[in-house]
>>> print(open('structure.tsv').read())   # TSV, C-alpha atoms and all ligand atoms
chain	number	residue	atom	x	y	z
C	26	MET	CA	121.13	5.59	164.13
C	27	LYS	CA	124.72	6.69	164.15
C	28	ILE	CA	125.52	10.36	164.48
C	29	ARG	CA	127.16	10.33	161.04
C	30	GLN	CA	124.01	9.04	159.40
C	31	ILE	CA	121.90	11.64	161.20
C	32	LEU	CA	124.23	14.40	160.05
C	33	SER	CA	124.15	13.08	156.50
C	34	ILE	CA	120.38	13.10	156.44
C	35	LEU	CA	120.25	16.59	157.91
C	36	PHE	CA	122.76	17.79	155.35
C	37	LEU	CA	120.72	16.29	152.51
C	38	ALA	CA	117.49	17.77	153.85
C	39	LEU	CA	119.04	21.23	154.00
C	40	LEU	CA	120.46	20.84	150.54
C	41	ILE	CA	117.14	19.76	149.08
C	42	ALA	CA	115.23	22.52	150.85
C	43	GLY	CA	117.56	25.07	149.30
C	44	CYS	CA	117.34	23.62	145.82
C	45	THR	CA	113.73	23.80	144.74
C	46	HIS	CA	113.30	25.21	141.28
C	47	LYS	CA	110.34	25.76	138.97
C	48	THR	CA	110.15	24.66	135.36
C	49	PRO	CA	109.36	27.34	132.77
C	50	TYR	CA	105.84	27.33	131.25
C	51	THR	CA	104.64	24.30	133.23
C	52	ASN	CA	105.66	25.76	136.60
C	53	ARG	CA	106.44	22.39	138.21
C	54	SER	CA	108.57	22.28	141.35
C	55	GLN	CA	111.75	20.33	140.87
C	56	MET	CA	114.75	19.40	142.96
C	57	ILE	CA	118.08	20.40	141.46
C	58	LEU	CA	121.30	19.89	143.36
C	59	ILE	CA	123.82	21.28	140.90
C	60	SER	CA	124.30	24.97	140.28
C	61	ASP	CA	123.58	26.70	136.98
C	62	GLU	CA	127.27	27.49	136.62
C	63	LYS	CA	128.38	23.91	137.12
C	64	GLU	CA	125.73	22.64	134.74
C	65	LEU	CA	126.81	25.16	132.08
C	66	ALA	CA	130.49	24.30	132.53
C	67	LEU	CA	129.76	20.59	132.12
C	68	GLY	CA	127.59	21.33	129.10
C	69	GLU	CA	130.38	23.31	127.47
C	70	GLN	CA	132.90	20.55	128.17
C	71	SER	CA	130.65	17.82	126.77
C	72	TYR	CA	129.80	19.89	123.73
C	73	GLU	CA	133.42	20.55	122.80
C	74	LYS	CA	134.24	16.87	123.19
C	75	THR	CA	131.28	15.87	121.01
C	76	LEU	CA	132.30	18.28	118.23
C	77	LYS	CA	135.91	17.18	118.38
C	78	GLU	CA	135.01	13.52	118.07
C	79	SER	CA	132.39	13.89	115.36
C	80	LYS	CA	132.12	14.87	111.74
C	81	VAL	CA	130.38	18.24	111.82
C	82	ILE	CA	128.60	19.05	108.57
C	83	THR	CA	128.89	22.64	107.44
C	84	ASN	CA	127.50	24.70	104.57
C	85	THR	CA	125.09	22.15	103.21
C	86	LYS	CA	121.40	22.79	102.69
C	87	GLU	CA	120.61	20.57	105.68
C	88	SER	CA	123.16	22.03	108.09
C	89	LEU	CA	122.02	25.57	107.29
C	90	LYS	CA	118.43	24.44	107.81
C	91	VAL	CA	119.28	23.15	111.30
C	92	LYS	CA	120.84	26.52	112.18
C	93	GLU	CA	117.99	28.53	110.67
C	94	ILE	CA	115.25	26.60	112.47
C	95	GLY	CA	117.27	26.45	115.68
C	96	LYS	CA	117.76	30.21	115.76
C	97	LYS	CA	114.05	30.84	115.22
C	98	ILE	CA	113.16	28.67	118.20
C	99	ALA	CA	115.99	30.08	120.32
C	100	LYS	CA	114.64	33.57	119.69
C	101	VAL	CA	111.28	32.76	121.25
C	102	ALA	CA	112.85	30.70	124.06
C	103	ASN	CA	114.15	34.03	125.31
C	104	THR	CA	117.02	33.01	127.62
C	105	ASN	CA	120.57	34.22	127.91
C	106	TYR	CA	121.98	30.98	126.45
C	107	LYS	CA	124.83	31.20	123.97
C	108	TRP	CA	123.08	29.15	121.33
C	109	GLU	CA	124.83	26.93	118.81
C	110	PHE	CA	123.31	24.47	116.36
C	111	ASN	CA	125.24	21.74	114.63
C	112	LEU	CA	124.45	18.91	112.30
C	113	ILE	CA	126.64	15.85	112.88
C	114	GLU	CA	127.17	12.88	110.57
C	115	ASN	CA	125.69	9.97	112.50
C	116	LYS	CA	123.19	7.34	111.39
C	117	ALA	CA	121.55	7.23	114.80
C	118	LYS	CA	118.22	8.99	114.86
C	119	ASN	CA	119.01	11.29	117.72
C	120	ALA	CA	119.33	14.91	118.78
C	121	PHE	CA	120.08	16.62	122.05
C	122	CYS	CA	120.48	20.04	123.63
C	123	LEU	CA	123.19	20.52	126.22
C	124	PRO	CA	122.88	23.13	128.98
C	125	GLY	CA	123.57	26.61	127.75
C	126	GLY	CA	121.91	26.00	124.38
C	127	LYS	CA	124.30	23.71	122.55
C	128	VAL	CA	122.08	21.80	120.15
C	129	VAL	CA	123.29	18.78	118.20
C	130	VAL	CA	121.22	17.10	115.50
C	131	TYR	CA	122.33	13.79	113.95
C	132	THR	CA	121.87	13.30	110.21
C	133	GLY	CA	119.91	10.12	111.02
C	134	ILE	CA	116.97	12.03	112.37
C	135	LEU	CA	116.52	13.91	109.08
C	136	GLU	CA	115.01	10.71	107.69
C	137	VAL	CA	112.22	10.98	110.26
C	138	ALA	CA	111.83	14.77	110.33
C	139	LYS	CA	110.60	15.18	106.78
C	140	ASN	CA	110.13	18.96	106.58
C	141	ASP	CA	111.00	22.21	108.39
C	142	ASP	CA	108.09	21.98	110.80
C	143	GLN	CA	108.97	18.40	111.76
C	144	LEU	CA	112.60	19.34	112.28
C	145	ALA	CA	111.36	22.24	114.40
C	146	THR	CA	109.41	19.67	116.44
C	147	VAL	CA	112.47	17.69	117.46
C	148	ILE	CA	114.65	20.77	118.02
C	149	SER	CA	111.94	22.41	120.17
C	150	HIS	CA	111.52	19.21	122.14
C	151	GLU	CA	115.27	19.00	122.90
C	152	ILE	CA	115.49	22.70	123.76
C	153	ALA	CA	112.52	22.18	126.11
C	154	HIS	CA	114.45	19.45	127.98
C	155	ALA	CA	117.32	21.93	128.47
C	156	LEU	CA	115.11	24.87	129.48
C	157	ALA	CA	113.40	22.69	132.08
C	158	ARG	CA	116.84	21.44	133.24
C	159	HIS	CA	115.72	17.82	132.98
C	160	GLY	CA	119.29	16.55	132.84
C	161	ALA	CA	120.25	18.37	136.03
C	162	GLU	CA	117.13	16.97	137.61
C	163	ARG	CA	118.13	13.43	136.62
C	164	ILE	CA	121.66	13.94	137.92
C	165	SER	CA	120.19	15.21	141.20
C	166	THR	CA	118.00	12.15	141.56
C	167	SER	CA	120.93	9.83	140.98
C	168	MET	CA	123.01	11.85	143.44
C	169	ILE	CA	120.40	11.29	146.10
C	170	SER	CA	120.24	7.59	145.37
C	171	GLN	CA	124.01	7.28	145.49
C	172	GLY	CA	124.11	9.16	148.77
C	173	ILE	CA	126.04	12.23	149.64
C	174	GLN	CA	129.42	10.61	149.17
C	175	ILE	CA	129.37	11.65	145.52
C	176	LEU	CA	128.72	15.25	146.53
C	177	GLY	CA	132.13	15.26	148.13
C	178	ASN	CA	133.69	14.12	144.88
C	179	ILE	CA	131.86	16.76	142.91
C	180	ALA	CA	133.01	19.43	145.32
C	181	ILE	CA	136.57	18.33	144.65
C	182	SER	CA	136.25	18.28	140.89
C	183	SER	CA	133.47	18.60	138.38
C	184	GLN	CA	135.83	16.87	135.96
C	185	ALA	CA	135.65	13.60	137.88
C	186	PRO	CA	135.19	10.98	135.14
C	187	GLU	CA	132.30	9.16	136.81
C	188	TYR	CA	130.51	12.48	137.13
C	189	THR	CA	131.01	13.66	133.56
C	190	LYS	CA	129.82	10.25	132.41
C	191	THR	CA	126.61	10.53	134.44
C	192	PHE	CA	126.19	14.00	132.98
C	193	ASN	CA	126.58	12.87	129.39
C	194	ILE	CA	124.21	9.98	129.85
C	195	ALA	CA	121.71	12.26	131.57
C	196	TYR	CA	121.68	14.53	128.53
C	197	GLY	CA	121.00	11.78	126.02
C	198	LEU	CA	124.47	11.41	124.51
C	199	GLY	CA	123.72	7.69	124.53
C	200	SER	CA	125.64	6.14	121.68
C	201	GLN	CA	128.95	7.67	122.64
C	202	TYR	CA	128.85	6.31	126.14
C	203	GLY	CA	127.24	2.94	125.63
C	204	VAL	CA	124.62	3.41	128.29
C	205	LEU	CA	121.25	4.97	127.84
C	206	MET	CA	119.55	6.78	130.65
C	207	PRO	CA	116.01	7.55	129.61
C	208	TYR	CA	114.16	10.70	130.46
C	209	GLY	CA	111.17	9.88	132.63
C	210	ARG	CA	107.65	9.81	131.26
C	211	MET	CA	106.83	13.00	133.10
C	212	GLN	CA	109.87	14.81	131.68
C	213	GLU	CA	108.95	13.57	128.21
C	214	SER	CA	105.40	14.94	128.31
C	215	GLU	CA	106.73	18.15	129.80
C	216	ALA	CA	109.26	18.51	126.95
C	217	ASP	CA	106.47	17.79	124.46
C	218	GLU	CA	104.31	20.47	126.03
C	219	ILE	CA	107.00	23.15	126.29
C	220	GLY	CA	108.23	22.18	122.82
C	221	ILE	CA	104.77	22.79	121.34
C	222	TYR	CA	104.59	26.23	123.02
C	223	LEU	CA	107.97	27.13	121.52
C	224	MET	CA	106.95	25.91	118.05
C	225	HIS	CA	103.72	27.87	118.32
C	226	LYS	CA	105.54	31.07	119.32
C	227	ALA	CA	108.01	30.60	116.47
C	228	GLY	CA	105.16	30.19	113.99
C	229	TYR	CA	105.57	26.55	112.96
C	230	ASP	CA	102.75	24.25	111.88
C	231	LEU	CA	101.74	22.32	114.99
C	232	ASN	CA	100.02	19.56	113.04
C	233	GLU	CA	103.44	18.55	111.71
C	234	ALA	CA	104.47	17.79	115.31
C	235	ILE	CA	101.88	15.02	115.35
C	236	LYS	CA	103.18	13.73	112.02
C	237	PHE	CA	106.75	13.74	113.34
C	238	TRP	CA	105.85	11.55	116.33
C	239	GLU	CA	103.80	9.30	114.06
C	240	ASN	CA	106.83	8.86	111.79
C	241	MET	CA	108.93	8.16	114.84
C	242	SER	CA	106.67	5.42	116.12
C	243	GLU	CA	106.32	3.84	112.66
C	244	GLY	CA	109.97	2.95	112.39
C	245	LYS	CA	110.25	1.96	116.02
C	246	LYS	CA	113.08	-0.56	115.63
C	247	GLU	CA	115.35	1.77	113.67
C	248	ASN	CA	114.55	4.68	115.97
C	249	ILE	CA	115.61	2.77	119.00
C	250	GLU	CA	118.33	5.16	120.17
C	251	PHE	CA	116.10	8.21	120.36
C	252	LEU	CA	113.25	6.21	121.81
C	253	SER	CA	115.52	4.69	124.46
C	254	THR	CA	116.47	8.08	125.79
C	255	HIS	CA	113.03	9.52	125.08
C	256	PRO	CA	110.54	6.83	126.08
C	257	SER	CA	107.32	7.21	124.18
C	258	SER	CA	103.88	6.12	125.17
C	259	GLU	CA	100.74	5.39	123.19
C	260	ASN	CA	99.21	8.41	124.82
C	261	ARG	CA	101.93	10.75	123.64
C	262	ILE	CA	100.25	11.76	120.39
C	263	LYS	CA	96.90	12.10	122.15
C	264	SER	CA	98.42	14.43	124.77
C	265	ILE	CA	100.13	16.53	122.09
C	266	LYS	CA	96.82	16.83	120.22
C	267	ASN	CA	95.18	18.12	123.42
C	268	ILE	CA	97.86	20.77	123.94
C	269	ILE	CA	97.49	21.91	120.33
C	270	LYS	CA	93.70	22.08	120.71
C	271	LYS	CA	94.11	24.44	123.66
C	272	LEU	CA	96.32	26.73	121.59
C	273	ASN	CA	94.05	26.93	118.55
U	301	ZN	ZN	112.62	13.84	125.08
>>> encode(input="structure.tsv", output="structure tokens")
Amino acid sequence: MKIRQILSILFLALLIAGCTHKTPYTNRSQMILISDEKELALGEQSYEKTLKESKVITNTKESLKVKEIGKKIAKVANTNYKWEFNLIENKAKNAFCLPGGKVVVYTGILEVAKNDDQLATVISHEIAHALARHGAERISTSMISQGIQILGNIAISSQAPEYTKTFNIAYGLGSQYGVLMPYGRMQESEADEIGIYLMHKAGYDLNEAIKFWENMSEGKKENIEFLSTHPSSENRIKSIKNIIKKLN
């Protein structure tokens, strides 16, 4: 092995050793190679770009609903995020939460989330992905697989286009970037679990969470965008039912 390779491996090992985090509620160890500050800065940047390029709906019954439900869940999430909730005109059935608490809901998903509790289900689920830093975790995994070369680029500039693209894809902003990078099964069940805890704390009807995922799987073809970034399994509803049982 060449000395450069050995040094690279050592460097990576040190980096990984220093970057073990724990997820909230589920307390799982995770490897995260980007700092909170960098993640927040990228989140902010992505969020502003999304708002600028989209039609943001304001002062309608639906947009106020998104804000009202979002704030209720944010309150129980109890972090120092600077929360914002926006409804965006887009037929895609999708929603996402960027680091720092920037939540975007597409109008398309309102066809699946048929009442307040169901809308709370999808918002809680997205917030759970952000609280557990699933996007940062995905970026970290892809950094490892691409080797440490990319780390050098990131050190130079967090604005590097290939990096911001990876970031956006990692956070489920699929349609705007043409590539979909799905959350892993494990991250999905974790977001379901944390999402249910948040809904419970905020006082929403947990049985509607089951109905939401049933609606989602009924229209599978039309819901392809959300399901591509949030892979679902047949066991999903069963697992959610088990979590709810434990809470009742
Ligand atoms: Zn998800």
>>> residues_near_ligand(input="structure.tsv", ligand="ligand ZN 301 (chain U)", cutoff="12 Å", atoms="all atoms listed in the file", output="compact mmCIF listing (two decimals) with C-alpha atoms, in the frame of the given file")
# COMPACT_ATOMS: atom_id res chain seq x y z
CA ASN C 119 119.01 11.29 117.72
CA ALA C 120 119.33 14.91 118.78
CA PHE C 121 120.08 16.62 122.05
CA CYS C 122 120.48 20.04 123.63
CA THR C 146 109.41 19.67 116.44
CA VAL C 147 112.47 17.69 117.46
CA ILE C 148 114.65 20.77 118.02
CA SER C 149 111.94 22.41 120.17
CA HIS C 150 111.52 19.21 122.14
CA GLU C 151 115.27 19.00 122.90
CA ILE C 152 115.49 22.70 123.76
CA ALA C 153 112.52 22.18 126.11
CA HIS C 154 114.45 19.45 127.98
CA ALA C 155 117.32 21.93 128.47
CA ALA C 157 113.40 22.69 132.08
CA ARG C 158 116.84 21.44 133.24
CA HIS C 159 115.72 17.82 132.98
CA GLY C 160 119.29 16.55 132.84
CA ALA C 195 121.71 12.26 131.57
CA TYR C 196 121.68 14.53 128.53
CA GLY C 197 121.00 11.78 126.02
CA MET C 206 119.55 6.78 130.65
CA PRO C 207 116.01 7.55 129.61
CA TYR C 208 114.16 10.70 130.46
CA GLY C 209 111.17 9.88 132.63
CA ARG C 210 107.65 9.81 131.26
CA MET C 211 106.83 13.00 133.10
CA GLN C 212 109.87 14.81 131.68
CA GLU C 213 108.95 13.57 128.21
CA SER C 214 105.40 14.94 128.31
CA GLU C 215 106.73 18.15 129.80
CA ALA C 216 109.26 18.51 126.95
CA ASP C 217 106.47 17.79 124.46
CA GLU C 218 104.31 20.47 126.03
CA ILE C 219 107.00 23.15 126.29
CA GLY C 220 108.23 22.18 122.82
CA TRP C 238 105.85 11.55 116.33
CA GLU C 250 118.33 5.16 120.17
CA PHE C 251 116.10 8.21 120.36
CA LEU C 252 113.25 6.21 121.81
CA SER C 253 115.52 4.69 124.46
CA THR C 254 116.47 8.08 125.79
CA HIS C 255 113.03 9.52 125.08
CA PRO C 256 110.54 6.83 126.08
CA SER C 257 107.32 7.21 124.18
CA SER C 258 103.88 6.12 125.17
CA ARG C 261 101.93 10.75 123.64
>>> closest_residue(input="structure.tsv", among="C:Gln70, C:Ser60, C:Thr104, C:Asn115", to="Glu136 (chain C)", atoms="all atoms listed in the file")
C:Asn115
>>> residues_around(input="structure.tsv", residues="Ala234 (chain C)", least_positions_apart="3", cutoff="9 Å", atoms="all atoms listed in the file", output="list in words")
Asp142, Gln143, Leu144, Ala145, Thr146, Val147, Ile221, Met224, Asp230, Leu231, Phe237, Trp238, Glu239, Ile262 and Ile265 of chain C
>>> atom_distance(input="structure.tsv", atom1="CA of Lys139 (chain C)", atom2="CA of Glu243 (chain C)")
13.5 Å
>>> atom_distance(input="structure.tsv", atom1="CA of Lys100 (chain C)", atom2="CA of Tyr229 (chain C)")
13.3 Å
>>> atom_distance(input="structure.tsv", atom1="CA of Asn103 (chain C)", atom2="CA of Ile164 (chain C)")
24.9 Å
>>> residues_around(input="structure.tsv", residues="Gly133 (chain C)", least_positions_apart="2", cutoff="10 Å", atoms="all atoms listed in the file", output="CSV table (one decimal) with C-alpha atoms, keeping the file's coordinate frame")
chain,number,residue,atom,x,y,z
C,112,LEU,CA,124.4,18.9,112.3
C,113,ILE,CA,126.6,15.8,112.9
C,114,GLU,CA,127.2,12.9,110.6
C,115,ASN,CA,125.7,10.0,112.5
C,116,LYS,CA,123.2,7.3,111.4
C,117,ALA,CA,121.6,7.2,114.8
C,118,LYS,CA,118.2,9.0,114.9
C,119,ASN,CA,119.0,11.3,117.7
C,120,ALA,CA,119.3,14.9,118.8
C,130,VAL,CA,121.2,17.1,115.5
C,131,TYR,CA,122.3,13.8,114.0
C,135,LEU,CA,116.5,13.9,109.1
C,136,GLU,CA,115.0,10.7,107.7
C,137,VAL,CA,112.2,11.0,110.3
C,138,ALA,CA,111.8,14.8,110.3
C,247,GLU,CA,115.4,1.8,113.7
C,248,ASN,CA,114.6,4.7,116.0
>>> closest_residue(input="structure.tsv", among="C:Asn52, C:Glu87, C:Leu67, C:Thr45", to="Asn140 (chain C)", atoms="all atoms listed in the file")
C:Glu87
>>> residues_near_point(input="structure.tsv", point="(124.9, 18.6, 141.0)", cutoff="6 Å", atoms="only C-alpha atoms", output="VMD selection string")
chain C and resid 58 to 59 165
>>> closest_residue(input="structure.tsv", among="C:His46, C:Lys74, C:Gly125, C:Met56", to="Ala99 (chain C)", atoms="all atoms listed in the file")
C:Gly125
>>> closest_residue(input="structure.tsv", among="C:Ala227, C:Glu93, C:Thr85, C:Glu69", to="Tyr106 (chain C)", atoms="only C-alpha atoms")
C:Glu69
>>> decode(input="structure.tsv", residues="region 57-69 of chain C", atoms="N, CA and C atoms", output="PDB file, in the first residue's frame")
ATOM      1  N   ILE C  57     -21.671  11.216  11.015  1.00  0.00           N
ATOM      2  CA  ILE C  57     -21.952  12.456  10.283  1.00  0.00           C
ATOM      3  C   ILE C  57     -20.659  13.236  10.107  1.00  0.00           C
ATOM      4  N   LEU C  58     -20.334  13.509   8.850  1.00  0.00           N
ATOM      5  CA  LEU C  58     -19.045  14.140   8.557  1.00  0.00           C
ATOM      6  C   LEU C  58     -19.145  15.626   8.256  1.00  0.00           C
ATOM      7  N   ILE C  59     -20.369  16.180   8.266  1.00  0.00           N
ATOM      8  CA  ILE C  59     -20.422  17.632   8.065  1.00  0.00           C
ATOM      9  C   ILE C  59     -20.932  18.293   9.336  1.00  0.00           C
ATOM     10  N   SER C  60     -20.417  19.473   9.596  1.00  0.00           N
ATOM     11  CA  SER C  60     -20.750  20.146  10.857  1.00  0.00           C
ATOM     12  C   SER C  60     -22.187  20.678  10.817  1.00  0.00           C
ATOM     13  N   ASP C  61     -22.738  20.900  11.990  1.00  0.00           N
ATOM     14  CA  ASP C  61     -24.056  21.522  12.127  1.00  0.00           C
ATOM     15  C   ASP C  61     -24.133  22.823  11.340  1.00  0.00           C
ATOM     16  N   GLU C  62     -23.072  23.633  11.502  1.00  0.00           N
ATOM     17  CA  GLU C  62     -23.065  24.968  10.896  1.00  0.00           C
ATOM     18  C   GLU C  62     -23.118  24.866   9.377  1.00  0.00           C
ATOM     19  N   LYS C  63     -22.311  23.958   8.834  1.00  0.00           N
ATOM     20  CA  LYS C  63     -22.288  23.796   7.380  1.00  0.00           C
ATOM     21  C   LYS C  63     -23.634  23.283   6.877  1.00  0.00           C
ATOM     22  N   GLU C  64     -24.189  22.344   7.621  1.00  0.00           N
ATOM     23  CA  GLU C  64     -25.478  21.774   7.235  1.00  0.00           C
ATOM     24  C   GLU C  64     -26.562  22.870   7.248  1.00  0.00           C
ATOM     25  N   LEU C  65     -26.543  23.706   8.284  1.00  0.00           N
ATOM     26  CA  LEU C  65     -27.529  24.789   8.382  1.00  0.00           C
ATOM     27  C   LEU C  65     -27.356  25.795   7.258  1.00  0.00           C
ATOM     28  N   ALA C  66     -26.103  26.119   6.949  1.00  0.00           N
ATOM     29  CA  ALA C  66     -25.831  27.096   5.889  1.00  0.00           C
ATOM     30  C   ALA C  66     -26.329  26.566   4.546  1.00  0.00           C
ATOM     31  N   LEU C  67     -26.086  25.293   4.288  1.00  0.00           N
ATOM     32  CA  LEU C  67     -26.550  24.698   3.035  1.00  0.00           C
ATOM     33  C   LEU C  67     -28.070  24.636   2.987  1.00  0.00           C
ATOM     34  N   GLY C  68     -28.673  24.367   4.147  1.00  0.00           N
ATOM     35  CA  GLY C  68     -30.125  24.310   4.237  1.00  0.00           C
ATOM     36  C   GLY C  68     -30.735  25.657   3.896  1.00  0.00           C
ATOM     37  N   GLU C  69     -30.166  26.688   4.472  1.00  0.00           N
ATOM     38  CA  GLU C  69     -30.624  28.065   4.247  1.00  0.00           C
ATOM     39  C   GLU C  69     -30.556  28.422   2.756  1.00  0.00           C
TER      40      GLU C  69
END
